[in-house]
Each structure stands twice: as structure tokens, then as C-alpha cells.
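Step one of this worksheet: look at the structure below.
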Amino acid sequence: MTVQASQNESALVCAAQRRDKEALQLLLAHNWAWLKGLVFSIVGDPGEVDDVLQDICVRVIAKIDTLREPERFRPWLAMLARRQALRYRQQKARRPVPLSAGLLAEDQEPAEFKFGRKADGGIEAIERQEQCRRIWEAVQSLPEKYRQVFVLQHAGDLTYAQVAEILDVPLTTVQIRLVRARRMICDRVAGRDANKVWEE
Amino acid sequence: MNQEILEIVIGKHLDGEITPGEQRILDVELDRDPRAAELLGELRDLHERSSELVGSCVLGQGAAPGDIFEQAWQQAEHPVRRTLKRVGYVHVAVGVAAGFVMGLAVQFVLPGASAPQNGPAASDVVARNVADPMELEVPSFSELPVDPSGNPIRNVDWYNFTDKLGNQWLIEGLRESTVRPAAYSTDL
């Protein structure tokens with residue numbers, strides 16, 4: 001983020017703290033992509049992301065006036081989002097899951113895969129869909145800390161420094177986690193030692 | 001260059017984070033080692049597919065940000081509804097019912113338990129000036145209920161009281177928490 005953009009964001013935070021609805025909406029819209037990616041990487045199910053995002057928005061609306069450093073909005077929002085997503089995941093883990101839901105989940109696949117298969121049925125397209133499916137499964141099976149970095153990098157169009165700021169880790173940690181996440185995905189897609197978990 | 005360093009540099013290249021110096025090193029490595037070029041192709045493919053997948057499976061799903069924000073704003077503007085959603089309607093109903101039962105208990109049980117005992121320690125005993133004829137109430141025995149033998153039944157307590165001069169007094173205390181001088185009709 002450039003200095004200009006950062007100043008704009010700080011100005012929006014100040015306006016939002018004065019209960020300016022449009023400023024708050026704009027502020028969240030600027031950060032929506034990575035926020036969604038972060039929530040997904042914790043919750044794990046794209047269908048549940050919106051519920052968590054709404055809860056996060058409610059918290060932001062209620063708590064924005066407690067943010068003392070407007071230039072630290074992004075890490076503040078990330079911390080709030082992580083807490084909310086983790087709380088949601090814990091509550092979900094406590095809820096009983098009906099048997100039919102588990103059977104349905106096994107049969108579910110992202111809309112993009114189904115759409116692509118219907119659109120063209122050529123062998124190349126089918127292979128491509130199959131590869132996408134394997135990559136997606138590999139992304140979802142990543143350990144959480146690697147999945148967070150990987151999804152943030154591809155969702156938010158962020159720099160490494162921004163990812164590091166959001167996740168509150170050093171920049172080198174982001175680089176290393178990204179490399180290892182890619183390696184794990186490649187290995188899994190290629191069927192090479194898919195269960196191997198890297199340790200930092 | 002070892003494998004992990006090479007992958008870091010390729011990753012930085014793909015993510016647009018590579019410095020000019022690192023780019024020169026990568027170019028040399030790609031010219032020198034065909035496996036590096038193969039790795040670059042593999043990771044570039046993964047990078048492109050991953051961006052597409054995250055875009056379609058995460059960012060492309062769900063409601064529009066404006067709609068979610070609007071709902072959240074409404075929710076934040078109505079804290080009662082927010083509390084109900086968070087706590088749950090069943091919990092709130094149980095809480096209200098429990099409060100109602102507690103209220104009933106306070107209304108009907110506690111007054112009986114906390115009523116002043118009829119005894120000399122009653123705090124609201126009021127001394128009256130006996131010399132004042134207005135305060136001297138002589139009970140009318142004819143208004144009191146009588147037992148089978150015809151004696152009036154008076155619902156009173158008796159207290160002994162010794163004043164500073166050592167005189168002993170027998171005081172009749174009615175249970176309405178008032179004190180009246182005893183009235184003796186015969187040979188008490």
C-alpha cells in the first residue's frame with residue numbers, strides 16, 4: 001500500500017469513528033478480498049464465510065471507536081477477524097452434524113468445477129478441471145498457517161509486507177511459508193509424499 | 001543455489017516481489033539449469049491456477065459486500081436483536097422465565113420469612129405518653145372475639161420493662177406493632 005493510500009485509509013478510519021456509515025463501508029470494501037480469504041482459511045468452508053463476515057462487520061461497527069491508531073486499522077481488523085472466525089469454528093465444532101450433511105459434503109464441489117464441465121466436455125477441459133480439483137483439495141488440506149499465507153497471497157493482491165502485517169509474523173516467515181505451501185501443494189497434486197508436513 | 005532458495009526466488013518472481021539483483025541471479029540459474037526452468041513452469045502454472053481458484057471458489061462466492069455490511073449495520077443499530085441472536089432466543093426465554101419465578105418467590109415467600117417476630121426486640125416499638133388522654137386507648141372488650149367460656153380473646157404479647165428508677169412495667173403489645181398501655185380490668 002502506498003503512503004497516499006495509507007493516509008486515505010487513516011482518514012476513512014477517523015471518519016468511521018465519527019459514525020460515518022459510508023466511510024466505514026468504503027473502508028471495509030477496500031479490505032474485503034483479503035478479509036474474505038483470511039476467514040475462509042480459518043473456517044474452511046466458503047459457504048460459511050458470509051456469516052462470519054457479517055459478525056465481523058458488526059464488531060467493527062461497534063468497536064471502531066476504540067481503535068487508537070488509525071494507521072493500524074489493517075492489523076486490528078485482521079486480529080478481530082481471526083478471533084471471530086476461530087470462535088465460529090469452535091461453536092461449529094460443538095454443534096452436532098447430521099449424517100445427511102456429511103454425505104452431502106462429500107458430494108459437494110466448487111461451482112466453478114461444475115460450470116466448466118458443463119460448458120465444454122473436451123478431454124483437455126476435463127483434465128484441467130481435474131487438476132483444479134486436485135489443487136483445491138491440496139489447498140484445503142494445507143496446515144492452517146500455510147493455508148492462511150497462501151490464500152491471502154492469492155486473494156488480496158497483497159505484498160509480502162502486508163501479509164506479514166495482517167498475520168503479525170516476520171516477513172521472512174511469510175516467504176518461507178509460501179514456498180512450503182507451494183511445495184506441499186505440488187507434491188500432493190503430483191502424488192509425491194503428500195502427507196509430509198514441513199516444520200519451520 | 002539449493003532447491004528452497006531457488007523456490008523462494010521463483011516465488012518472489014511470480015508474486016512480483018523480486019529485486020533486480022535477485023532477478024539477475026534467477027536468470028543465470030534458469031540458463032544454467034534446465035530443472036530450474038522446469039520448476040519455474042510448474043510453479044507458474046500452480047500460481048495461475050491458484051489465483052483462479054481462490055477467485056472463483058472464495059471471492060466469487062457469497063453475498064455482495066454492500067449487502068453484508070448493510071445487514072450488519074442494521075444489526076448493530078438494534079442491539080436487542082443482536083443480543084437475541086448472540087445469546088439465542090431459547091436462552092433469553094429461559095432467563096425471563098427464571099426471573100419471573102424469582103419474582104414470585106420474592107413476592108410470596110420472603111415477606112413471611114422477614115416479618116418482625118413478636119418480641120421485645122421489635123424495632124418499631126413506639127413509646128407513648130400515657131398522660132396524654134388522646135394516646136390512651138382503652139380497648140373495648142365488647143369488640144373482641146370471645147372463647148367458649150365467654151372471656152375475650154386478645155391477640156397480644158406481654159413484655160417486661162424496667163425503667164431507670166428500677167420500676168418494673170408490664171406492657172401489652174398488640175401484634176400490629178404498636179404499643180399501648182396495659183389496661184387491667186380486675187386483679188392482674
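Identifiers for the C-alpha cells are assigned positionally: chains receive A, B, ... in sequence, residues are indexed from 1 per chain, and ligands are indexed from 1 in the order shown.
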Set the cut-off to 8 Å and count only C-alpha atoms: what are the residues of chain A that reach chain B? Output as JSON, numbers by chain. {"A": [25, 29, 32, 33, 36, 37, 40, 46, 47, 49, 50, 53, 54, 55, 57, 58, 61, 62, 110, 111, 112, 132, 135, 136, 151, 154, 155, 159, 160, 175, 176, 178, 179, 182, 186]}
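Minimum distance to Gln7 (chain A) across A:Gln84, A:Pro70, A:Arg147, A:Leu26 (counting only C-alpha atoms) occurs at A:Pro70.
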Neighbouring residues of Ser10 (chain A) were defined as those with any atom within 9 Å, considering only C-alpha atoms; residues of the same chain fewer than 2 positions away were excluded. Please report them as a list in words. Ala5, Ser6, Gln7, Asn8, Leu12, Val13, Cys14, Ala15, Glu69, Pro70, Glu71, Arg72 and Phe73 of chain A
Phe161 (chain B) surroundings by only C-alpha atoms, 8 Å radius, close-in-sequence under 2 positions cut, as a PDB file with N, CA and C atoms, in the first residue's frame:
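Written out: part.pdb:
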ATOM      1  N   TYR B 159     -44.666  -7.827  77.548  1.00  0.00           N
ATOM      2  CA  TYR B 159     -43.250  -7.527  77.739  1.00  0.00           C
ATOM      3  C   TYR B 159     -43.010  -7.039  79.154  1.00  0.00           C
ATOM      4  N   ASP B 163     -37.552   0.433  84.124  1.00  0.00           N
ATOM      5  CA  ASP B 163     -37.076   1.776  83.770  1.00  0.00           C
ATOM      6  C   ASP B 163     -35.835   2.132  84.578  1.00  0.00           C
ATOM      7  N   GLN B 168     -40.706  -1.737  87.614  1.00  0.00           N
ATOM      8  CA  GLN B 168     -40.986  -2.761  86.608  1.00  0.00           C
ATOM      9  C   GLN B 168     -42.365  -2.516  86.010  1.00  0.00           C
ATOM     10  N   TRP B 169     -42.412  -2.671  84.693  1.00  0.00           N
ATOM     11  CA  TRP B 169     -43.643  -2.426  83.947  1.00  0.00           C
ATOM     12  C   TRP B 169     -44.008  -3.674  83.178  1.00  0.00           C
ATOM     13  N   LEU B 170     -45.292  -3.917  83.125  1.00  0.00           N
ATOM     14  CA  LEU B 170     -45.801  -4.989  82.273  1.00  0.00           C
ATOM     15  C   LEU B 170     -46.508  -4.309  81.092  1.00  0.00           C
ATOM     16  N   ILE B 171     -45.993  -4.593  79.919  1.00  0.00           N
ATOM     17  CA  ILE B 171     -46.508  -3.883  78.749  1.00  0.00           C
ATOM     18  C   ILE B 171     -47.223  -4.854  77.834  1.00  0.00           C
TER      19      ILE B 171
END
Based on DSSP run over this structure's backbone, return all residues of region 6-200 of chain A in alpha helix (DSSP H), as an MDAnalysis selection string. chainID A and resid 6:17 21:30 32:43 49:63 73:94 99:107 111:119 123:140 144:155 160:167 171:190
So the first atom is CA of Arg180 (chain A) and the second is CA of Pro34 (chain B); what is the distance between them in Å, to one decimal place? 21.6 Å
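Closest approach to Pro75 (chain A) among A:Glu127, A:Asp157, A:Asp168, A:Glu137: A:Asp168, based on only C-alpha atoms.
The coordinates place CA of Arg177 (chain A) at 19.7 Å from CA of Ala190 (chain A).
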As a check of understanding: the span from CA of Asp45 (chain A) to CA of Ala85 (chain A) is 11.3 Å
